[in-house]
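Colleague: To start, I am sharing the structure in question, which I have written as structure tokens.
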Amino acid sequence: GFRLWSALVDRFIRTESQRKSQVADTLIFCTGGRVTTQGILIPMPKPIEQWLSKDAMSLPFLDILCTCVDPLEPHSSSPSFALFRAILRARPASLLDRWDRFEEMALFAGKAKAQGTLTLFTLEAFLSGRHDFYCEELRRLDSKQVIAEVAFACLERLDTVNLSSNEVSSLLGCYSSMSDMDWKFIMRTRERFSRHVDRILKLSSDPRANIGSLSCKAIGEFCTHFVPSIVSLDCR
């Protein structure tokens, strides 16, 4: 439990960068956040969750994961970045309760193409985790600043030509995981709101089969979670 995770983290930090992958794979497996072949969600084990809730232990570790990511090589296969995303996927509160801290990191500091991609992949991990593992702890934390970053990052990527399939998939993954409150927050700027919806609709005709299906899923989630909440408000 707690001690084993601490020992693995210490091993990961001390291991040379060329050999981190194996330790990272073990840590990623331990975090949970996976779906079994039977469709069952595996949550993060409580001892690991408790470790991550302690700032004195987790903050230096999360700092290391972010600073080890090379902005010029924004691949999700990077051991440090893959582990960082796995933690946010299984415990999204790790991003919310320290958002001011993360905003200062290199991961969110720039808006260049590479860093924009890193930000997008990170936010997708957070949103999918919040969608699948919503809990009382998340209810208490304000996510407006993160959603503002999501809205900016998504529009910025949508305006970028020649996006890779992974980038577009990640972008649509963000949209598919948004709640009705997220959309209401974005709707405060109507022009920006319509741009989001227009771009999702356009992607439904993308010639790449997986992109078209992911776009349709995002549209379906939007209609399921957001449209009914607006209709109910109009009927009052």
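So you can find residues: chains in the structure tokens are A, B, ... in the order shown, residues in each start at 1, and ligands are numbered from 1 in order.
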I need the residues in range 2-109 of chain A that are alpha helix (DSSP H) according to DSSP; give them as JSON, numbers by chain.
Modeller: {"A": [2, 3, 4, 5, 6, 7, 8, 9, 10, 11, 12, 13, 14, 20, 21, 22, 23, 24, 25, 26, 27, 28, 29, 30, 31, 46, 47, 48, 49, 50, 51, 52, 55, 56, 57, 58, 59, 60, 61, 62, 63, 64, 65, 66, 67, 79, 80, 81, 82, 83, 84, 85, 86, 87, 88, 89, 90, 93, 94, 95, 96, 99, 100, 101, 102, 103, 106, 107, 108, 109]}
Colleague: Set the distance at 6 Å and use only C-alpha atoms: which residues neighbour Gly129 in chain A once local chain neighbours fewer than 4 positions away are removed? I'd like the list as a count of residues only.
Modeller: 4
Colleague: Hey, what's within 12 Å of Asp159 in chain A if we count only C-alpha atoms and toss same-chain stuff fewer than 5 positions away? As an MDAnalysis selection string, please?
Modeller: chainID A and resid 113 116 152:154 168 171 195:196 199
Colleague: Please produce an output containing all heavy atoms for each residue in the selection, written as a PDB file, in the first residue's frame.
Modeller:
ATOM      1  N   LYS A 113       3.121  25.332 -30.158  1.00  0.00           N
ATOM      2  CA  LYS A 113       2.417  24.125 -30.594  1.00  0.00           C
ATOM      3  C   LYS A 113       2.682  22.934 -29.684  1.00  0.00           C
ATOM      4  O   LYS A 113       1.763  22.244 -29.257  1.00  0.00           O
ATOM      5  CB  LYS A 113       2.814  23.770 -32.028  1.00  0.00           C
ATOM      6  CG  LYS A 113       2.089  22.534 -32.554  1.00  0.00           C
ATOM      7  CD  LYS A 113       2.562  22.167 -33.931  1.00  0.00           C
ATOM      8  CE  LYS A 113       1.698  21.031 -34.508  1.00  0.00           C
ATOM      9  NZ  LYS A 113       1.694  19.832 -33.676  1.00  0.00           N
ATOM     10  N   GLY A 116       1.133  23.434 -26.331  1.00  0.00           N
ATOM     11  CA  GLY A 116      -0.317  23.356 -26.462  1.00  0.00           C
ATOM     12  C   GLY A 116      -0.784  21.916 -26.519  1.00  0.00           C
ATOM     13  O   GLY A 116      -1.817  21.556 -25.962  1.00  0.00           O
ATOM     14  N   PHE A 152      -9.771  27.407 -23.806  1.00  0.00           N
ATOM     15  CA  PHE A 152      -8.703  28.060 -24.575  1.00  0.00           C
ATOM     16  C   PHE A 152      -7.906  27.040 -25.369  1.00  0.00           C
ATOM     17  O   PHE A 152      -7.657  27.209 -26.560  1.00  0.00           O
ATOM     18  CB  PHE A 152      -7.784  28.838 -23.625  1.00  0.00           C
ATOM     19  CG  PHE A 152      -6.665  29.559 -24.330  1.00  0.00           C
ATOM     20  CD1 PHE A 152      -6.830  30.863 -24.757  1.00  0.00           C
ATOM     21  CD2 PHE A 152      -5.451  28.925 -24.577  1.00  0.00           C
ATOM     22  CE1 PHE A 152      -5.807  31.522 -25.418  1.00  0.00           C
ATOM     23  CE2 PHE A 152      -4.424  29.573 -25.236  1.00  0.00           C
ATOM     24  CZ  PHE A 152      -4.605  30.879 -25.660  1.00  0.00           C
ATOM     25  N   ALA A 153      -7.490  25.962 -24.699  1.00  0.00           N
ATOM     26  CA  ALA A 153      -6.639  24.957 -25.349  1.00  0.00           C
ATOM     27  C   ALA A 153      -7.369  24.282 -26.505  1.00  0.00           C
ATOM     28  O   ALA A 153      -6.793  24.051 -27.562  1.00  0.00           O
ATOM     29  CB  ALA A 153      -6.197  23.914 -24.323  1.00  0.00           C
ATOM     30  N   CYS A 154      -8.655  23.979 -26.311  1.00  0.00           N
ATOM     31  CA  CYS A 154      -9.415  23.309 -27.364  1.00  0.00           C
ATOM     32  C   CYS A 154      -9.576  24.205 -28.585  1.00  0.00           C
ATOM     33  O   CYS A 154      -9.378  23.765 -29.721  1.00  0.00           O
ATOM     34  CB  CYS A 154     -10.785  22.888 -26.850  1.00  0.00           C
ATOM     35  SG  CYS A 154     -10.754  21.448 -25.752  1.00  0.00           S
ATOM     36  N   VAL A 168      -6.332  15.296 -32.321  1.00  0.00           N
ATOM     37  CA  VAL A 168      -7.770  15.480 -32.540  1.00  0.00           C
ATOM     38  C   VAL A 168      -8.566  14.547 -31.625  1.00  0.00           C
ATOM     39  O   VAL A 168      -9.592  14.942 -31.057  1.00  0.00           O
ATOM     40  CB  VAL A 168      -8.145  15.224 -34.017  1.00  0.00           C
ATOM     41  CG1 VAL A 168      -9.650  15.401 -34.217  1.00  0.00           C
ATOM     42  CG2 VAL A 168      -7.392  16.176 -34.933  1.00  0.00           C
ATOM     43  N   LEU A 171      -8.535  16.034 -28.200  1.00  0.00           N
ATOM     44  CA  LEU A 171      -9.406  17.204 -28.171  1.00  0.00           C
ATOM     45  C   LEU A 171     -10.870  16.777 -28.045  1.00  0.00           C
ATOM     46  O   LEU A 171     -11.621  17.300 -27.202  1.00  0.00           O
ATOM     47  CB  LEU A 171      -9.186  18.001 -29.461  1.00  0.00           C
ATOM     48  CG  LEU A 171      -9.843  19.364 -29.608  1.00  0.00           C
ATOM     49  CD1 LEU A 171      -9.012  20.239 -30.535  1.00  0.00           C
ATOM     50  CD2 LEU A 171     -11.242  19.237 -30.180  1.00  0.00           C
ATOM     51  N   ARG A 195     -18.354  28.617 -31.546  1.00  0.00           N
ATOM     52  CA  ARG A 195     -17.170  28.124 -32.254  1.00  0.00           C
ATOM     53  C   ARG A 195     -16.847  26.701 -31.832  1.00  0.00           C
ATOM     54  O   ARG A 195     -16.498  25.860 -32.661  1.00  0.00           O
ATOM     55  CB  ARG A 195     -15.978  29.038 -31.988  1.00  0.00           C
ATOM     56  CG  ARG A 195     -16.030  30.371 -32.729  1.00  0.00           C
ATOM     57  CD  ARG A 195     -14.857  31.249 -32.334  1.00  0.00           C
ATOM     58  NE  ARG A 195     -13.582  30.663 -32.717  1.00  0.00           N
ATOM     59  CZ  ARG A 195     -12.409  31.030 -32.200  1.00  0.00           C
ATOM     60  NH1 ARG A 195     -12.365  31.962 -31.248  1.00  0.00           N
ATOM     61  NH2 ARG A 195     -11.287  30.468 -32.609  1.00  0.00           N
ATOM     62  N   HIS A 196     -16.969  26.424 -30.536  1.00  0.00           N
ATOM     63  CA  HIS A 196     -16.731  25.064 -30.051  1.00  0.00           C
ATOM     64  C   HIS A 196     -17.673  24.085 -30.742  1.00  0.00           C
ATOM     65  O   HIS A 196     -17.243  23.063 -31.281  1.00  0.00           O
ATOM     66  CB  HIS A 196     -16.955  24.992 -28.537  1.00  0.00           C
ATOM     67  CG  HIS A 196     -15.832  25.550 -27.718  1.00  0.00           C
ATOM     68  ND1 HIS A 196     -14.650  24.876 -27.523  1.00  0.00           N
ATOM     69  CD2 HIS A 196     -15.724  26.707 -27.024  1.00  0.00           C
ATOM     70  CE1 HIS A 196     -13.849  25.603 -26.754  1.00  0.00           C
ATOM     71  NE2 HIS A 196     -14.480  26.711 -26.431  1.00  0.00           N
ATOM     72  N   ARG A 199     -17.066  23.595 -34.555  1.00  0.00           N
ATOM     73  CA  ARG A 199     -15.874  22.802 -34.887  1.00  0.00           C
ATOM     74  C   ARG A 199     -16.110  21.307 -34.621  1.00  0.00           C
ATOM     75  O   ARG A 199     -15.636  20.459 -35.363  1.00  0.00           O
ATOM     76  CB  ARG A 199     -14.663  23.290 -34.094  1.00  0.00           C
ATOM     77  CG  ARG A 199     -14.330  24.757 -34.294  1.00  0.00           C
ATOM     78  CD  ARG A 199     -13.993  25.081 -35.747  1.00  0.00           C
ATOM     79  NE  ARG A 199     -13.868  26.513 -35.952  1.00  0.00           N
ATOM     80  CZ  ARG A 199     -12.787  27.228 -35.661  1.00  0.00           C
ATOM     81  NH1 ARG A 199     -11.747  26.639 -35.140  1.00  0.00           N
ATOM     82  NH2 ARG A 199     -12.765  28.520 -35.892  1.00  0.00           N
TER      83      ARG A 199
END
Colleague: Report as a VMD selection string all protein, DNA and RNA residues lying within 12 Å of Ser21 in chain A, evaluated on only C-alpha atoms, omitting residues in the same chain fewer than 2 positions from it.
Modeller: chain A and resid 11 to 13 15 to 19 23 to 28 77 to 83
Colleague: Excluding same-chain residues fewer than 2 positions from range 172-186 of chain A, what lies within 10 Å of it counting only C-alpha atoms, as a count of residues only?
Modeller: 58
